[in-house]
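Student: Take a look at the following structure, please.
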Amino acid sequence: MEKTELIDAYQSLGIDSKVIAFCEDIERNLEERFKAIDKVAEFNQMKVLKAMQDNRLSDVHFAATTGYGYNDMGRDTLEKVYADVFHTEDALVRPQLISGTHALTVALSGNLRPGDEILSPVGKPYDTLEGVIGITPAKGSLAEYGITYSQVDLLPDGSFDWDGIKAAINEKTKLITIQRSKGYASRPTLSVKRIGELIRFVKQLKPEVICMVDNCYGEFVDSMEPTQVGADLCVGSLIKNPGGGLAPIGGYIVGKSEYVENAAYRLTAPGLGKEVGATLGLNAPLFQGLFLAPQVVSGALKGAIFAANIYEKLGYSVIPNGNEERYDIIQAVTLNSAEAVIAFCKGIQAAAPVDSYVSPEPWAMPGYNCDIIMAAGAFVQGSSIELSADAPIKPPYTVFFQGGLTWHHAKFGILKSVQKLLETGILKL
């Protein structure tokens, strides 16, 4: 295929030749980094494949169950595969877990009792957990059940406040929650190595404390997961990285058998636990999505790095910067105005295969303390492993970009965001 044909294809989708030329040079300089990402994806692909082969995955495991879901062989095998992939004793992988927030709620509720305290040694958790914990008053919060919360912020340079953490751990501290990704904060995402250092420090102070990692957006970015460096529990969403874009719903909780079992009793009912829960024919896409996940994540990761380099060259502040190591698929870009954030998100929406004609607008989404704009023309509603962007409409007006089921779609989304900023006069090339 001639180069001019590809340029024509982009122009037919509304990308100006100036945008194409600007971005082409940056992409060329990222070839070596992209090769390194491909190597991690190759390793993770073999890891997932081995787990499926070791557990003798068969087409009989794709059969649907209904009602109570007793003896669902597919569900049980899927959970064994997840346990092997994450190197854990057990796993709870269910379509009844509707989101990452729900999975975290189940893990917390199942393992905490009145009088216990949660400690976050990495600052405030993601907005939707504020109501769960009770930082923001909400019906059914853990605070209503007498579970308290303590927090130690990271130091200004992003390092752990070791003295503050030591002082915060007390006789009530039952569970440490570690959010791997940054959420809507400006702090760095935590590497698996740093998470391991934090867990070792905490365990030296109080060996019996449960260390739980919110792993959302981080799965398969590295060749290791937090459960391989001491995490007792690891929690995430199937409509993010591990679902590979095919999982239509679901979440996972992996870790030590006792803690996974406790979570299962909270998800279903005391005395029932993992024995029930029909999968309603969803096993096949959950298996297939996991199989594709290492490749899908590698494409999203390339898109994040590409976005960082594009917007850094345009003069915007980006986290992580264009050269930093990556520990999740999220790219934060500070655009300095609400108008720029909205234009960026409109570009991402216009690049989508679904609802590309829709214009996203900020609104008061449940669970957030300000208006939020979200762009996501996705095959699965809310699937942030698909090309998406979202932002709180408040200073410093930072947009969070993630996903892309393929690298080429992620690339196009970034080009389209630059195009929208150019068309609105916010940006000049």
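Each chain in the structure tokens gets a letter, A, B, ..., in the order shown, and its residues are numbered from 1; ligands are numbered from 1 in order too.
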Enumerate, as JSON, numbers by chain, the complete set of residues in region 180-409 of chain A that a backbone-based DSSP assignment places in strand (DSSP E).
Tutor: {"A": [210, 211, 212, 213, 214, 233, 234, 235, 236, 237, 251, 252, 253, 254, 255, 317, 318, 319, 331, 332, 333, 334, 372, 373, 374, 375, 388, 389, 390, 391, 392, 398, 399, 400, 401, 402]}
Student: Can you check which parts of region 128-235 of chain A lie within 9 Å of region 97-104 of chain A? Per residue, the shortest pair of atoms and distance in Å to one decimal, counting only C-alpha atoms, sorted by chain and number, as JSON lines.
Tutor:
```
{"residue": "A:Thr128", "atom": "CA", "partner": "A:Thr101", "partner_atom": "CA", "distance": 6.7}
{"residue": "A:Leu129", "atom": "CA", "partner": "A:Thr101", "partner_atom": "CA", "distance": 6.6}
{"residue": "A:Val132", "atom": "CA", "partner": "A:Thr101", "partner_atom": "CA", "distance": 8.4}
{"residue": "A:Asp214", "atom": "CA", "partner": "A:Leu104", "partner_atom": "CA", "distance": 7.3}
{"residue": "A:Cys216", "atom": "CA", "partner": "A:Gly100", "partner_atom": "CA", "distance": 7.0}
{"residue": "A:Val235", "atom": "CA", "partner": "A:Leu104", "partner_atom": "CA", "distance": 6.3}
```
Student: Write out the residues from the selection above, keeping N, CA and C atoms, as a CSV table (one decimal), in the first residue's frame.
Tutor:
```
chain,number,residue,atom,x,y,z
A,128,THR,N,-15.3,7.3,43.3
A,128,THR,CA,-16.5,6.5,43.5
A,128,THR,C,-16.3,5.6,44.8
A,129,LEU,N,-15.1,5.5,45.4
A,129,LEU,CA,-14.9,4.8,46.6
A,129,LEU,C,-15.2,5.7,47.8
A,132,VAL,N,-18.4,4.6,49.3
A,132,VAL,CA,-18.3,3.2,49.8
A,132,VAL,C,-17.7,3.2,51.2
A,214,ASP,N,-6.0,-2.2,44.6
A,214,ASP,CA,-6.9,-1.9,43.5
A,214,ASP,C,-6.1,-1.9,42.2
A,216,CYS,N,-7.0,-1.9,39.0
A,216,CYS,CA,-7.7,-1.3,37.8
A,216,CYS,C,-6.7,-0.6,36.9
A,235,VAL,N,-7.8,-6.7,43.1
A,235,VAL,CA,-9.2,-6.5,42.6
A,235,VAL,C,-9.2,-5.6,41.3
```
Student: Kindly indicate which residue among A:Thr424, A:Asn336, A:Thr406, A:Ser417 lies nearest to Val19 (chain A), using only C-alpha atoms for the distances.
Tutor: A:Ser417
Student: Residues of region 193-286 of chain A in helix (DSSP H, G or I) according to DSSP, as a VMD selection string?
Tutor: chain A and resid 193 to 205 226 to 229 241 to 243 257 to 267 273 to 275 283 to 286
Student: Write a file of the selected residues as a PDB file, in the first residue's frame, keeping C-alpha atoms.
Tutor:
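File produced: result_7.pdb:
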```pdb
ATOM      1  CA  LYS A 193       8.027  -3.035  42.501  1.00  0.00           C
ATOM      2  CA  ARG A 194       6.997  -0.031  44.606  1.00  0.00           C
ATOM      3  CA  ILE A 195       3.805  -1.773  45.697  1.00  0.00           C
ATOM      4  CA  GLY A 196       5.966  -4.687  46.885  1.00  0.00           C
ATOM      5  CA  GLU A 197       8.190  -2.337  48.886  1.00  0.00           C
ATOM      6  CA  LEU A 198       5.151  -0.795  50.558  1.00  0.00           C
ATOM      7  CA  ILE A 199       3.634  -4.178  51.407  1.00  0.00           C
ATOM      8  CA  ARG A 200       6.892  -5.457  52.911  1.00  0.00           C
ATOM      9  CA  PHE A 201       7.140  -2.343  55.084  1.00  0.00           C
ATOM     10  CA  VAL A 202       3.552  -2.707  56.309  1.00  0.00           C
ATOM     11  CA  LYS A 203       3.906  -6.440  56.990  1.00  0.00           C
ATOM     12  CA  GLN A 204       7.007  -5.811  59.121  1.00  0.00           C
ATOM     13  CA  LEU A 205       4.939  -3.474  61.284  1.00  0.00           C
ATOM     14  CA  PRO A 226       0.910  -7.178  42.711  1.00  0.00           C
ATOM     15  CA  THR A 227      -0.038 -10.623  44.035  1.00  0.00           C
ATOM     16  CA  GLN A 228       3.493 -11.740  43.128  1.00  0.00           C
ATOM     17  CA  VAL A 229       5.035  -9.166  45.493  1.00  0.00           C
ATOM     18  CA  ASN A 241      -7.707  -4.556  30.965  1.00  0.00           C
ATOM     19  CA  PRO A 242      -8.354  -8.250  31.719  1.00  0.00           C
ATOM     20  CA  GLY A 243     -11.617  -8.437  29.786  1.00  0.00           C
ATOM     21  CA  SER A 257      -8.274 -18.366  49.810  1.00  0.00           C
ATOM     22  CA  GLU A 258      -9.585 -17.083  53.139  1.00  0.00           C
ATOM     23  CA  TYR A 259     -10.020 -13.519  51.900  1.00  0.00           C
ATOM     24  CA  VAL A 260     -11.489 -14.523  48.530  1.00  0.00           C
ATOM     25  CA  GLU A 261     -13.945 -16.808  50.324  1.00  0.00           C
ATOM     26  CA  ASN A 262     -14.975 -13.967  52.642  1.00  0.00           C
ATOM     27  CA  ALA A 263     -15.650 -11.798  49.609  1.00  0.00           C
ATOM     28  CA  ALA A 264     -17.698 -14.569  47.979  1.00  0.00           C
ATOM     29  CA  TYR A 265     -19.944 -14.822  51.043  1.00  0.00           C
ATOM     30  CA  ARG A 266     -20.571 -11.094  50.794  1.00  0.00           C
ATOM     31  CA  LEU A 267     -21.290 -11.256  47.063  1.00  0.00           C
ATOM     32  CA  GLY A 273     -20.313 -18.214  48.699  1.00  0.00           C
ATOM     33  CA  LYS A 274     -18.736 -19.412  45.460  1.00  0.00           C
ATOM     34  CA  GLU A 275     -21.098 -22.366  45.036  1.00  0.00           C
ATOM     35  CA  ASN A 283     -18.044 -17.801  29.953  1.00  0.00           C
ATOM     36  CA  ALA A 284     -16.859 -17.829  26.324  1.00  0.00           C
ATOM     37  CA  PRO A 285     -16.328 -14.029  26.019  1.00  0.00           C
ATOM     38  CA  LEU A 286     -14.766 -13.924  29.494  1.00  0.00           C
TER      39      LEU A 286
END
```
Student: Which residue is closest to Phe43 (chain A)? Choose from A:Val81, A:Met224, A:Ala168, A:Met73 and count only C-alpha atoms.
Tutor: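 The shortest atom-to-atom distance to Phe43 (chain A) comes from A:Met224.
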Student: Of the candidates A:Asn44, A:Ser181, A:Thr77, A:Gln402, which shows the shortest atom-to-atom distance to Arg56 (chain A), using only C-alpha atoms?
Tutor: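 Among A:Asn44, A:Ser181, A:Thr77, A:Gln402, it is A:Thr77 that comes nearest to Arg56 (chain A).
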Student: Could you tell me how far CA of Gly299 (chain A) sits from CA of Val40 (chain A), in Å to one decimal place?
Tutor: 11.8 Å
Student: Any idea what the distance is between CA of Phe287 (chain A) and CA of Leu78 (chain A)?
Tutor: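 Taking CA of Phe287 (chain A) as the start and CA of Leu78 (chain A) as the end point, the length is 6.9 Å.
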Student: I need the residue nearest Lys256 (chain A) from this list: A:Pro114, A:Gly140, A:Asn71, A:Asp232. Use only C-alpha atoms for the distance.
Tutor: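 Ranked by minimum distance to Lys256 (chain A), first place goes to A:Asp232.
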Student: Please indicate the distance in Å from CA of Phe86 (chain A) to CA of Glu225 (chain A), rounded to one decimal place.
Tutor: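 Computing the Euclidean distance for CA of Phe86 (chain A) and CA of Glu225 (chain A) yields 6.4 Å.
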Student: A:Asn323, A:Gln331, A:Ser383, A:Gln349: which is nearest Arg187 (chain A), counting only C-alpha atoms?
Tutor: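 Of the candidates, the smallest distance to Arg187 (chain A) is held by A:Gln331.
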Student: Find the residues around Pro125 (chain A) up to 9 Å (only C-alpha atoms counted), leave out those fewer than 5 positions away in its own chain, and share them as a PyMOL selection string.
Tutor: chain A and resi 120+130+177-179+182-183+185
Student: Selected residues, C-alpha atoms, written as an mmCIF file, in the first residue's frame, please.
Tutor:
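The new file selection_20.cif reads:
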```
data_model
loop_
_atom_site.group_PDB
_atom_site.id
_atom_site.type_symbol
_atom_site.label_atom_id
_atom_site.label_comp_id
_atom_site.auth_asym_id
_atom_site.auth_seq_id
_atom_site.Cartn_x
_atom_site.Cartn_y
_atom_site.Cartn_z
ATOM 1 C CA SER A 120 -4.846 4.102 52.563
ATOM 2 C CA GLU A 130 -15.549 7.827 48.809
ATOM 3 C CA THR A 177 -5.848 -0.468 50.480
ATOM 4 C CA ILE A 178 -3.349 0.450 47.787
ATOM 5 C CA GLN A 179 -4.638 2.075 44.605
ATOM 6 C CA LYS A 182 -3.706 7.611 39.923
ATOM 7 C CA GLY A 183 -7.460 8.054 39.478
ATOM 8 C CA ALA A 185 -5.113 12.679 41.242
#
```
Student: Find the spatial neighbours of Ser356 (chain A), counting only C-alpha atoms, within a cut-off of 12 Å - ignore same-chain residues fewer than 3 positions away - and output them as an NGL selection string.
Tutor: :A and (13 or 345-353 or 359-360 or 375-379 or 387-388 or 413 or 416)
Student: Select, from A:Arg94, A:Lys174, A:Lys47, A:Lys302, the residue with the minimum atom-to-atom distance to Gly236 (chain A), counting only C-alpha atoms.
Tutor: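 Selected residue with least distance to Gly236 (chain A): A:Arg94.
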Student: Compile the contact shell of Lys172 (chain A) as a VMD selection string: residues with an atom at most 8 Å away, counting only C-alpha atoms, same-chain residues fewer than 4 positions apart removed.
Tutor: chain A and resid 115 to 117
Student: List the neighbours of Glu325 (chain A) out to 12 Å using only C-alpha atoms; skip same-chain residues closer than 3 positions along the sequence, and give me the result as a list in words.
Tutor: Arg33, Ala36, Ile37, Pro188, Thr189, Leu190, Ser191, Val192, Val221, Asp222, Leu301, Lys302, Ala304, Ile305, Ala308, Ile319, Pro320, Asn321, Gly322, Asp328 and Ile329 of chain A
Student: Using only N, CA and C atoms, please write the residues we just selected to a file, as a compact mmCIF listing (two decimals), in the first residue's frame.
Tutor:
```
# COMPACT_ATOMS: atom_id res chain seq x y z
N ARG A 33 10.56 1.79 21.94
CA ARG A 33 9.69 1.61 23.11
C ARG A 33 8.54 0.66 22.79
N ALA A 36 9.62 -2.92 23.04
CA ALA A 36 9.71 -3.39 24.43
C ALA A 36 8.34 -3.76 24.97
N ILE A 37 7.33 -2.96 24.62
CA ILE A 37 5.96 -3.27 25.03
C ILE A 37 5.51 -4.59 24.43
N PRO A 188 1.98 9.97 40.84
CA PRO A 188 2.40 8.92 39.90
C PRO A 188 1.66 7.62 40.15
N THR A 189 1.47 6.85 39.09
CA THR A 189 0.97 5.49 39.22
C THR A 189 2.06 4.64 39.87
N LEU A 190 1.65 3.66 40.66
CA LEU A 190 2.62 2.84 41.39
C LEU A 190 3.05 1.64 40.57
N SER A 191 4.34 1.41 40.51
CA SER A 191 4.85 0.20 39.86
C SER A 191 4.63 -0.99 40.76
N VAL A 192 4.66 -2.18 40.19
CA VAL A 192 4.55 -3.41 40.99
C VAL A 192 5.69 -3.46 42.00
N VAL A 221 0.25 -4.73 32.11
CA VAL A 221 1.18 -3.67 31.71
C VAL A 221 2.62 -4.12 31.99
N ASP A 222 2.78 -4.89 33.06
CA ASP A 222 4.07 -5.42 33.48
C ASP A 222 4.03 -6.94 33.31
N LEU A 301 -1.43 0.73 25.74
CA LEU A 301 -0.21 1.30 26.32
C LEU A 301 0.56 2.13 25.29
N LYS A 302 0.63 1.64 24.07
CA LYS A 302 1.26 2.41 22.99
C LYS A 302 0.51 3.72 22.77
N ALA A 304 -1.19 5.43 24.97
CA ALA A 304 -0.91 6.34 26.08
C ALA A 304 0.44 7.02 25.90
N ILE A 305 1.44 6.25 25.51
CA ILE A 305 2.78 6.81 25.29
C ILE A 305 2.77 7.79 24.13
N ALA A 308 1.18 11.01 25.30
CA ALA A 308 2.09 11.79 26.16
C ALA A 308 3.09 12.57 25.33
N ILE A 319 1.16 13.57 32.60
CA ILE A 319 1.57 12.60 33.62
C ILE A 319 1.10 11.21 33.19
N PRO A 320 2.02 10.24 33.00
CA PRO A 320 3.47 10.35 33.04
C PRO A 320 3.98 11.17 31.85
N ASN A 321 5.25 11.59 31.93
CA ASN A 321 5.78 12.34 30.80
C ASN A 321 6.13 11.40 29.65
N GLY A 322 6.62 11.93 28.58
CA GLY A 322 6.84 11.14 27.37
C GLY A 322 7.89 10.06 27.49
N ASP A 328 0.44 1.79 34.17
CA ASP A 328 -0.97 1.58 33.84
C ASP A 328 -1.22 2.15 32.45
N ILE A 329 -2.45 2.08 31.97
CA ILE A 329 -2.73 2.51 30.59
C ILE A 329 -3.25 3.94 30.53
```
